[in-house]
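Next comes upload.pdb, with PDB, N, CA, C and O atoms.
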ATOM      1  N   MET A 350      80.507-136.125 188.310
ATOM      2  CA  MET A 350      79.976-137.313 187.671
ATOM      3  C   MET A 350      80.340-138.532 188.519
ATOM      4  O   MET A 350      81.510-138.752 188.824
ATOM      5  N   LYS A 351      79.365-139.300 188.868
ATOM      6  CA  LYS A 351      79.600-140.521 189.623
ATOM      7  C   LYS A 351      80.008-141.629 188.663
ATOM      8  O   LYS A 351      79.441-141.771 187.587
ATOM      9  N   THR A 352      80.999-142.395 189.061
ATOM     10  CA  THR A 352      81.453-143.523 188.251
ATOM     11  C   THR A 352      80.574-144.723 188.563
ATOM     12  O   THR A 352      80.434-145.110 189.718
ATOM     13  N   THR A 353      79.973-145.311 187.534
ATOM     14  CA  THR A 353      79.102-146.462 187.739
ATOM     15  C   THR A 353      79.763-147.769 187.331
ATOM     16  O   THR A 353      79.289-148.831 187.691
ATOM     17  N   GLN A 354      80.848-147.683 186.589
ATOM     18  CA  GLN A 354      81.549-148.890 186.135
ATOM     19  C   GLN A 354      83.053-148.680 186.284
ATOM     20  O   GLN A 354      83.587-147.670 185.827
ATOM     21  N   TYR A 355      83.724-149.644 186.880
ATOM     22  CA  TYR A 355      85.167-149.545 187.100
ATOM     23  C   TYR A 355      85.961-150.624 186.372
ATOM     24  O   TYR A 355      87.147-150.754 186.602
ATOM     25  N   ASN A 356      85.351-151.416 185.548
ATOM     26  CA  ASN A 356      86.052-152.561 184.976
ATOM     27  C   ASN A 356      86.066-152.601 183.456
ATOM     28  O   ASN A 356      85.511-153.497 182.866
ATOM     29  N   PRO A 357      86.716-151.756 182.735
ATOM     30  CA  PRO A 357      87.399-150.548 183.170
ATOM     31  C   PRO A 357      86.436-149.370 183.205
ATOM     32  O   PRO A 357      85.377-149.400 182.583
ATOM     33  N   SER A 358      86.836-148.323 183.872
ATOM     34  CA  SER A 358      86.006-147.113 183.890
ATOM     35  C   SER A 358      86.246-146.317 182.607
ATOM     36  O   SER A 358      87.280-146.456 181.950
ATOM     37  N   THR A 359      85.289-145.484 182.275
ATOM     38  CA  THR A 359      85.421-144.615 181.105
ATOM     39  C   THR A 359      86.636-143.705 181.246
ATOM     40  O   THR A 359      87.359-143.465 180.279
ATOM     41  N   LEU A 360      86.874-143.222 182.468
ATOM     42  CA  LEU A 360      88.014-142.353 182.718
ATOM     43  C   LEU A 360      89.337-143.094 182.517
ATOM     44  O   LEU A 360      90.272-142.550 181.935
ATOM     45  N   GLU A 361      89.415-144.335 182.984
ATOM     46  CA  GLU A 361      90.632-145.134 182.775
ATOM     47  C   GLU A 361      90.921-145.314 181.285
ATOM     48  O   GLU A 361      92.060-145.149 180.834
ATOM     49  N   VAL A 362      89.884-145.638 180.525
ATOM     50  CA  VAL A 362      90.047-145.853 179.086
ATOM     51  C   VAL A 362      90.484-144.564 178.400
ATOM     52  O   VAL A 362      91.431-144.558 177.599
ATOM     53  N   SER A 363      89.832-143.456 178.719
ATOM     54  CA  SER A 363      90.182-142.170 178.112
ATOM     55  C   SER A 363      91.617-141.767 178.456
ATOM     56  O   SER A 363      92.346-141.245 177.614
ATOM     57  N   PHE A 364      92.029-142.015 179.695
ATOM     58  CA  PHE A 364      93.375-141.663 180.123
ATOM     59  C   PHE A 364      94.412-142.513 179.377
ATOM     60  O   PHE A 364      95.431-141.988 178.908
ATOM     61  N   ALA A 365      94.151-143.803 179.229
ATOM     62  CA  ALA A 365      95.069-144.686 178.493
ATOM     63  C   ALA A 365      95.179-144.253 177.036
ATOM     64  O   ALA A 365      96.280-144.226 176.465
ATOM     65  N   GLU A 366      94.057-143.911 176.420
ATOM     66  CA  GLU A 366      94.079-143.443 175.029
ATOM     67  C   GLU A 366      94.848-142.132 174.915
ATOM     68  O   GLU A 366      95.583-141.921 173.948
ATOM     69  N   ALA A 367      94.697-141.256 175.902
ATOM     70  CA  ALA A 367      95.407-139.975 175.888
ATOM     71  C   ALA A 367      96.916-140.202 175.949
ATOM     72  O   ALA A 367      97.679-139.507 175.274
ATOM     73  N   LEU A 368      97.357-141.163 176.749
ATOM     74  CA  LEU A 368      98.796-141.473 176.818
ATOM     75  C   LEU A 368      99.333-141.897 175.456
ATOM     76  O   LEU A 368     100.416-141.472 175.048
ATOM     77  N   GLU A 369      98.584-142.731 174.758
ATOM     78  CA  GLU A 369      99.004-143.139 173.414
ATOM     79  C   GLU A 369      99.059-141.947 172.466
ATOM     80  O   GLU A 369      99.983-141.822 171.670
ATOM     81  N   ASP A 370      98.070-141.084 172.550
ATOM     82  CA  ASP A 370      98.019-139.912 171.678
ATOM     83  C   ASP A 370      99.179-138.945 171.940
ATOM     84  O   ASP A 370      99.541-138.163 171.066
ATOM     85  N   LEU A 371      99.738-138.990 173.138
ATOM     86  CA  LEU A 371     100.844-138.099 173.506
ATOM     87  C   LEU A 371     102.219-138.655 173.147
ATOM     88  O   LEU A 371     103.234-138.137 173.597
ATOM     89  N   LYS A 372     102.248-139.671 172.314
ATOM     90  CA  LYS A 372     103.520-140.318 171.955
ATOM     91  C   LYS A 372     104.580-139.310 171.504
ATOM     92  O   LYS A 372     105.722-139.343 171.966
ATOM     93  N   GLU A 373     104.235-138.408 170.610
ATOM     94  CA  GLU A 373     105.210-137.447 170.080
ATOM     95  C   GLU A 373     105.703-136.489 171.162
ATOM     96  O   GLU A 373     106.879-136.129 171.190
ATOM     97  N   VAL A 374     104.814-136.075 172.054
ATOM     98  CA  VAL A 374     105.203-135.178 173.149
ATOM     99  C   VAL A 374     106.140-135.901 174.103
ATOM    100  O   VAL A 374     107.170-135.357 174.526
ATOM    101  N   ILE A 375     105.808-137.137 174.440
ATOM    102  CA  ILE A 375     106.654-137.935 175.326
ATOM    103  C   ILE A 375     108.007-138.170 174.674
ATOM    104  O   ILE A 375     109.054-138.083 175.327
ATOM    105  N   GLN A 376     108.002-138.477 173.380
ATOM    106  CA  GLN A 376     109.253-138.731 172.651
ATOM    107  C   GLN A 376     110.211-137.546 172.769
ATOM    108  O   GLN A 376     111.407-137.730 172.952
ATOM    109  N   LYS A 377     109.693-136.338 172.691
ATOM    110  CA  LYS A 377     110.544-135.137 172.786
ATOM    111  C   LYS A 377     111.218-135.025 174.149
ATOM    112  O   LYS A 377     112.276-134.414 174.266
ATOM    113  N   LYS A 378     110.619-135.608 175.181
ATOM    114  CA  LYS A 378     111.170-135.547 176.537
ATOM    115  C   LYS A 378     112.184-136.665 176.794
ATOM    116  O   LYS A 378     112.777-136.721 177.868
ATOM    117  N   LEU A 379     112.362-137.554 175.836
ATOM    118  CA  LEU A 379     113.275-138.696 175.980
ATOM    119  C   LEU A 379     114.333-138.644 174.881
ATOM    120  O   LEU A 379     114.360-139.494 173.988
ATOM    121  N   PRO A 380     115.252-137.678 174.935
ATOM    122  CA  PRO A 380     116.179-137.474 173.826
ATOM    123  C   PRO A 380     117.125-138.637 173.562
ATOM    124  O   PRO A 380     117.633-138.776 172.458
ATOM    125  N   ASN A 381     117.358-139.492 174.537
ATOM    126  CA  ASN A 381     118.287-140.606 174.341
ATOM    127  C   ASN A 381     117.593-141.932 174.076
ATOM    128  O   ASN A 381     118.227-142.986 174.107
ATOM    129  N   ASN A 382     116.289-141.877 173.833
ATOM    130  CA  ASN A 382     115.498-143.083 173.571
ATOM    131  C   ASN A 382     114.486-142.815 172.475
ATOM    132  O   ASN A 382     113.931-141.721 172.386
ATOM    133  N   ASP A 383     114.235-143.827 171.668
ATOM    134  CA  ASP A 383     113.197-143.750 170.648
ATOM    135  C   ASP A 383     112.058-144.676 171.048
ATOM    136  O   ASP A 383     112.290-145.834 171.416
ATOM    137  N   ILE A 384     110.828-144.165 170.985
ATOM    138  CA  ILE A 384     109.666-145.015 171.209
ATOM    139  C   ILE A 384     109.455-145.785 169.909
ATOM    140  O   ILE A 384     109.156-145.204 168.866
ATOM    141  N   ILE A 385     109.645-147.104 169.971
ATOM    142  CA  ILE A 385     109.539-147.895 168.745
ATOM    143  C   ILE A 385     108.171-148.568 168.595
ATOM    144  O   ILE A 385     107.781-148.929 167.488
ATOM    145  N   LYS A 386     107.453-148.706 169.729
ATOM    146  CA  LYS A 386     106.142-149.342 169.658
ATOM    147  C   LYS A 386     105.388-149.046 170.950
ATOM    148  O   LYS A 386     105.987-148.849 172.001
ATOM    149  N   ILE A 387     104.069-149.035 170.850
ATOM    150  CA  ILE A 387     103.210-148.915 172.030
ATOM    151  C   ILE A 387     102.166-150.024 171.936
ATOM    152  O   ILE A 387     101.560-150.231 170.888
ATOM    153  N   GLU A 388     101.994-150.747 173.037
ATOM    154  CA  GLU A 388     100.934-151.752 173.135
ATOM    155  C   GLU A 388     100.008-151.330 174.256
ATOM    156  O   GLU A 388     100.431-150.688 175.214
ATOM    157  N   ASN A 389      98.740-151.716 174.142
ATOM    158  CA  ASN A 389      97.812-151.370 175.202
ATOM    159  C   ASN A 389      96.841-152.499 175.467
ATOM    160  O   ASN A 389      96.635-153.369 174.623
ATOM    161  N   THR A 390      96.294-152.483 176.659
ATOM    162  CA  THR A 390      95.185-153.356 177.022
ATOM    163  C   THR A 390      94.077-152.445 177.548
ATOM    164  O   THR A 390      93.665-152.553 178.699
ATOM    165  N   ILE A 391      93.626-151.560 176.690
ATOM    166  CA  ILE A 391      92.689-150.519 177.088
ATOM    167  C   ILE A 391      91.348-151.080 177.544
ATOM    168  O   ILE A 391      90.737-150.547 178.465
ATOM    169  N   SER A 392      90.894-152.165 176.980
ATOM    170  CA  SER A 392      89.580-152.689 177.347
ATOM    171  C   SER A 392      89.607-153.565 178.598
ATOM    172  O   SER A 392      88.563-153.964 179.093
ATOM    173  N   ALA A 393      90.792-153.854 179.132
ATOM    174  CA  ALA A 393      90.908-154.683 180.330
ATOM    175  C   ALA A 393      90.625-153.871 181.586
ATOM    176  O   ALA A 393      90.749-152.649 181.587
ATOM    177  N   ASP A 394      90.260-154.581 182.659
ATOM    178  CA  ASP A 394      90.154-153.913 183.952
ATOM    179  C   ASP A 394      91.539-153.392 184.280
ATOM    180  O   ASP A 394      92.527-154.104 184.122
ATOM    181  N   ASN A 395      91.631-152.154 184.724
ATOM    182  CA  ASN A 395      92.918-151.490 184.947
ATOM    183  C   ASN A 395      93.772-151.539 183.679
ATOM    184  O   ASN A 395      94.724-152.310 183.583
ATOM    185  N   PRO A 396      93.418-150.720 182.685
ATOM    186  CA  PRO A 396      94.155-150.713 181.418
ATOM    187  C   PRO A 396      95.659-150.486 181.619
ATOM    188  O   PRO A 396      96.079-149.826 182.566
ATOM    189  N   MET A 397      96.442-151.067 180.722
ATOM    190  CA  MET A 397      97.890-150.862 180.731
ATOM    191  C   MET A 397      98.323-150.303 179.386
ATOM    192  O   MET A 397      97.756-150.658 178.355
ATOM    193  N   VAL A 398      99.322-149.444 179.430
ATOM    194  CA  VAL A 398      99.946-148.929 178.221
ATOM    195  C   VAL A 398     101.435-149.238 178.361
ATOM    196  O   VAL A 398     102.063-148.852 179.340
ATOM    197  N   LYS A 399     101.977-149.980 177.399
ATOM    198  CA  LYS A 399     103.376-150.388 177.445
ATOM    199  C   LYS A 399     104.140-149.685 176.320
ATOM    200  O   LYS A 399     103.764-149.778 175.151
ATOM    201  N   PHE A 400     105.199-148.965 176.703
ATOM    202  CA  PHE A 400     106.057-148.279 175.751
ATOM    203  C   PHE A 400     107.320-149.104 175.544
ATOM    204  O   PHE A 400     107.992-149.476 176.518
ATOM    205  N   PHE A 401     107.643-149.396 174.301
ATOM    206  CA  PHE A 401     108.875-150.098 173.961
ATOM    207  C   PHE A 401     109.857-149.054 173.435
ATOM    208  O   PHE A 401     109.558-148.327 172.487
ATOM    209  N   LEU A 402     111.020-148.982 174.073
ATOM    210  CA  LEU A 402     112.019-147.965 173.751
ATOM    211  C   LEU A 402     113.306-148.611 173.282
ATOM    212  O   LEU A 402     113.621-149.739 173.629
ATOM    213  N   LEU A 403     114.065-147.843 172.520
ATOM    214  CA  LEU A 403     115.393-148.246 172.084
ATOM    215  C   LEU A 403     116.319-147.077 172.379
ATOM    216  O   LEU A 403     116.085-145.959 171.910
ATOM    217  N   ASP A 404     117.359-147.329 173.210
ATOM    218  CA  ASP A 404     118.247-146.232 173.573
ATOM    219  C   ASP A 404     119.340-146.033 172.530
ATOM    220  O   ASP A 404     119.423-146.767 171.542
ATOM    221  N   ASN A 405     120.179-145.022 172.747
ATOM    222  CA  ASN A 405     121.235-144.680 171.787
ATOM    223  C   ASN A 405     122.247-145.800 171.579
ATOM    224  O   ASN A 405     122.926-145.842 170.560
ATOM    225  N   ASP A 406     122.388-146.701 172.559
ATOM    226  CA  ASP A 406     123.308-147.832 172.433
ATOM    227  C   ASP A 406     122.660-149.027 171.761
ATOM    228  O   ASP A 406     123.285-150.070 171.603
ATOM    229  N   GLY A 407     121.389-148.905 171.399
ATOM    230  CA  GLY A 407     120.678-150.005 170.753
ATOM    231  C   GLY A 407     120.054-150.984 171.735
ATOM    232  O   GLY A 407     119.581-152.038 171.340
ATOM    233  N   ASP A 408     120.045-150.632 173.033
ATOM    234  CA  ASP A 408     119.456-151.509 174.041
ATOM    235  C   ASP A 408     117.958-151.250 174.160
ATOM    236  O   ASP A 408     117.529-150.094 174.251
ATOM    237  N   PRO A 409     117.157-152.320 174.194
ATOM    238  CA  PRO A 409     115.711-152.155 174.333
ATOM    239  C   PRO A 409     115.304-151.963 175.794
ATOM    240  O   PRO A 409     115.953-152.483 176.706
ATOM    241  N   HIS A 410     114.242-151.203 175.996
ATOM    242  CA  HIS A 410     113.679-150.971 177.329
ATOM    243  C   HIS A 410     112.164-150.963 177.213
ATOM    244  O   HIS A 410     111.621-150.660 176.154
ATOM    245  N   GLU A 411     111.492-151.292 178.323
ATOM    246  CA  GLU A 411     110.037-151.249 178.369
ATOM    247  C   GLU A 411     109.594-150.447 179.588
ATOM    248  O   GLU A 411     110.147-150.603 180.670
ATOM    249  N   ILE A 412     108.607-149.596 179.384
ATOM    250  CA  ILE A 412     107.967-148.858 180.460
ATOM    251  C   ILE A 412     106.488-149.244 180.430
ATOM    252  O   ILE A 412     105.830-149.117 179.394
ATOM    253  N   VAL A 413     105.983-149.721 181.550
ATOM    254  CA  VAL A 413     104.590-150.149 181.629
ATOM    255  C   VAL A 413     103.845-149.242 182.596
ATOM    256  O   VAL A 413     104.271-149.055 183.734
ATOM    257  N   LEU A 414     102.738-148.684 182.123
ATOM    258  CA  LEU A 414     101.895-147.830 182.949
ATOM    259  C   LEU A 414     100.543-148.520 183.118
ATOM    260  O   LEU A 414      99.880-148.858 182.136
ATOM    261  N   LYS A 415     100.149-148.746 184.357
ATOM    262  CA  LYS A 415      98.855-149.342 184.654
ATOM    263  C   LYS A 415      97.955-148.236 185.193
ATOM    264  O   LYS A 415      98.322-147.546 186.139
ATOM    265  N   ILE A 416      96.796-148.084 184.582
ATOM    266  CA  ILE A 416      95.885-147.008 184.953
ATOM    267  C   ILE A 416      94.808-147.571 185.870
ATOM    268  O   ILE A 416      94.069-148.485 185.495
ATOM    269  N   ILE A 417      94.747-147.019 187.091
ATOM    270  CA  ILE A 417      93.779-147.490 188.077
ATOM    271  C   ILE A 417      93.028-146.287 188.646
ATOM    272  O   ILE A 417      93.646-145.396 189.230
ATOM    273  N   GLN A 418      91.729-146.282 188.454
ATOM    274  CA  GLN A 418      90.900-145.258 189.068
ATOM    275  C   GLN A 418      90.430-145.782 190.417
ATOM    276  O   GLN A 418      89.845-146.856 190.504
ATOM    277  N   THR A 419      90.679-145.014 191.461
ATOM    278  CA  THR A 419      90.205-145.424 192.782
ATOM    279  C   THR A 419      88.723-145.108 192.897
ATOM    280  O   THR A 419      88.189-144.245 192.188
ATOM    281  N   PRO A 420      88.026-145.822 193.792
ATOM    282  CA  PRO A 420      86.591-145.580 193.942
ATOM    283  C   PRO A 420      86.297-144.124 194.310
ATOM    284  O   PRO A 420      87.079-143.484 195.020
ATOM    285  N   ASP A 421      85.171-143.637 193.808
ATOM    286  CA  ASP A 421      84.734-142.282 194.117
ATOM    287  C   ASP A 421      84.588-142.113 195.619
ATOM    288  O   ASP A 421      84.133-143.029 196.324
ATOM    289  N   LYS A 422      84.933-140.942 196.095
ATOM    290  CA  LYS A 422      84.760-140.617 197.510
ATOM    291  C   LYS A 422      83.518-139.732 197.622
ATOM    292  O   LYS A 422      83.391-138.741 196.942
ATOM    293  N   PHE A 423      82.624-140.103 198.454
ATOM    294  CA  PHE A 423      81.357-139.363 198.577
ATOM    295  C   PHE A 423      81.384-138.435 199.741
ATOM    296  O   PHE A 423      81.930-138.590 200.734
TER     297      PHE A 423
END

Translate this file's structure into structure tokens.
Amino acid sequence: MKTTQYNPSTLEVSFAEALEDLKEVIQKKLPNNDIIKIENTISADNPMVKFFLLDNDGDPHEIVLKIIQTPDKF
């Protein structure tokens, strides 16, 4: 499938949504941190998904994932 739109692309949006849907799976891999909130900018060019975490000591942390699809190679 050729990508006709990159701002954002359908694949970028689907991938960002999939990351949000995997919250419980990701949480299981982070035993010393709790995911307390997820924010997204899914409709923006290069969507971002931001995870807000709280560790066992009560310290907050943020992990930001920016989704970028590179141009198709022909």

Contact residues around A:Glu388 with only C-alpha atoms at 8 Å, ignoring same-chain residues under 2 positions, as a list in words: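 The contact residues come out as Lys386, Thr390, Val398, Lys399 and Phe400 of chain A.
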
Computed interatomic separation between atom CA of A:Asp370 and atom CA of A:Asp394 (Å):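 Spanning atom CA of A:Asp370 to atom CA of A:Asp394 is a straight-line distance of 20.2 Å.
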
Exercise: residues within 10 Å of coordinate (97.2, -144.0, 171.3), counting only C-alpha atoms, as number ranges by chain: A: 363-372, 387-389, 391, 398

Neighbour list for A:Asn381 as a list of chain:residue names, cut-off 5 Å, only N, CA, C and O atoms, skip fewer than 3 positions in-chain: A:Leu403, A:Asp404, A:Asn405

A:Glu411, A:Pro396, A:Thr419, A:Asp406 ranked by distance to A:Val362, top pick (using all atoms listed in the file): A:Pro396

Coordinates-based distance that separates atom C of A:Lys377 from atom C of A:His410 (Å, one decimal):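 Atom-to-atom, atom C of A:His410 to atom C of A:Lys377, that is 16.3 Å.
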
Atom CA of A:Gly407 to atom CA of A:Ile385, distance in Å rounded to a single decimal: 11.5 Å

Run the PyMOL selection byres ((chain A and resi 355) around 7) on the file and write out the hits as a PDB file with N, CA, C and O atoms, in the frame of the given file.
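Output (result-v7.pdb):
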ATOM      1  N   THR A 352      80.999-142.395 189.061  1.00  0.00           N
ATOM      2  CA  THR A 352      81.453-143.523 188.251  1.00  0.00           C
ATOM      3  C   THR A 352      80.574-144.723 188.563  1.00  0.00           C
ATOM      4  O   THR A 352      80.434-145.110 189.718  1.00  0.00           O
ATOM      5  N   THR A 353      79.973-145.311 187.534  1.00  0.00           N
ATOM      6  CA  THR A 353      79.102-146.462 187.739  1.00  0.00           C
ATOM      7  C   THR A 353      79.763-147.769 187.331  1.00  0.00           C
ATOM      8  O   THR A 353      79.289-148.831 187.691  1.00  0.00           O
ATOM      9  N   GLN A 354      80.848-147.683 186.589  1.00  0.00           N
ATOM     10  CA  GLN A 354      81.549-148.890 186.135  1.00  0.00           C
ATOM     11  C   GLN A 354      83.053-148.680 186.284  1.00  0.00           C
ATOM     12  O   GLN A 354      83.587-147.670 185.827  1.00  0.00           O
ATOM     13  N   ASN A 356      85.351-151.416 185.548  1.00  0.00           N
ATOM     14  CA  ASN A 356      86.052-152.561 184.976  1.00  0.00           C
ATOM     15  C   ASN A 356      86.066-152.601 183.456  1.00  0.00           C
ATOM     16  O   ASN A 356      85.511-153.497 182.866  1.00  0.00           O
ATOM     17  N   PRO A 357      86.716-151.756 182.735  1.00  0.00           N
ATOM     18  CA  PRO A 357      87.399-150.548 183.170  1.00  0.00           C
ATOM     19  C   PRO A 357      86.436-149.370 183.205  1.00  0.00           C
ATOM     20  O   PRO A 357      85.377-149.400 182.583  1.00  0.00           O
ATOM     21  N   SER A 358      86.836-148.323 183.872  1.00  0.00           N
ATOM     22  CA  SER A 358      86.006-147.113 183.890  1.00  0.00           C
ATOM     23  C   SER A 358      86.246-146.317 182.607  1.00  0.00           C
ATOM     24  O   SER A 358      87.280-146.456 181.950  1.00  0.00           O
ATOM     25  N   THR A 359      85.289-145.484 182.275  1.00  0.00           N
ATOM     26  CA  THR A 359      85.421-144.615 181.105  1.00  0.00           C
ATOM     27  C   THR A 359      86.636-143.705 181.246  1.00  0.00           C
ATOM     28  O   THR A 359      87.359-143.465 180.279  1.00  0.00           O
ATOM     29  N   ALA A 393      90.792-153.854 179.132  1.00  0.00           N
ATOM     30  CA  ALA A 393      90.908-154.683 180.330  1.00  0.00           C
ATOM     31  C   ALA A 393      90.625-153.871 181.586  1.00  0.00           C
ATOM     32  O   ALA A 393      90.749-152.649 181.587  1.00  0.00           O
ATOM     33  N   ASP A 394      90.260-154.581 182.659  1.00  0.00           N
ATOM     34  CA  ASP A 394      90.154-153.913 183.952  1.00  0.00           C
ATOM     35  C   ASP A 394      91.539-153.392 184.280  1.00  0.00           C
ATOM     36  O   ASP A 394      92.527-154.104 184.122  1.00  0.00           O
ATOM     37  N   ASN A 395      91.631-152.154 184.724  1.00  0.00           N
ATOM     38  CA  ASN A 395      92.918-151.490 184.947  1.00  0.00           C
ATOM     39  C   ASN A 395      93.772-151.539 183.679  1.00  0.00           C
ATOM     40  O   ASN A 395      94.724-152.310 183.583  1.00  0.00           O
ATOM     41  N   GLN A 418      91.729-146.282 188.454  1.00  0.00           N
ATOM     42  CA  GLN A 418      90.900-145.258 189.068  1.00  0.00           C
ATOM     43  C   GLN A 418      90.430-145.782 190.417  1.00  0.00           C
ATOM     44  O   GLN A 418      89.845-146.856 190.504  1.00  0.00           O
TER      45      GLN A 418
END

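Secondary structure of stretch 351-422 of chain A, strand (DSSP E or B) only (DSSP, backbone atoms): Asn382, Asp383, Ile384, Ile385, Lys386, Ile387, Glu388, Asn389, Met397, Val398, Lys399, Phe400, Phe401, Leu402, Leu403, Asp404, Pro409, His410, Glu411, Ile412, Val413, Leu414 and Lys415 of chain A.
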
A:Glu361, A:Glu373, A:Asp383, A:Asp408 ranked by distance to A:Pro420, top pick (using only C-alpha atoms): A:Glu361

Which residue of A:Ile417, A:Ile384, A:Ile375, A:Leu360 approaches A:Phe401 most closely, using only C-alpha atoms: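 With only C-alpha atoms as the atom set, the closest residue is A:Ile384.
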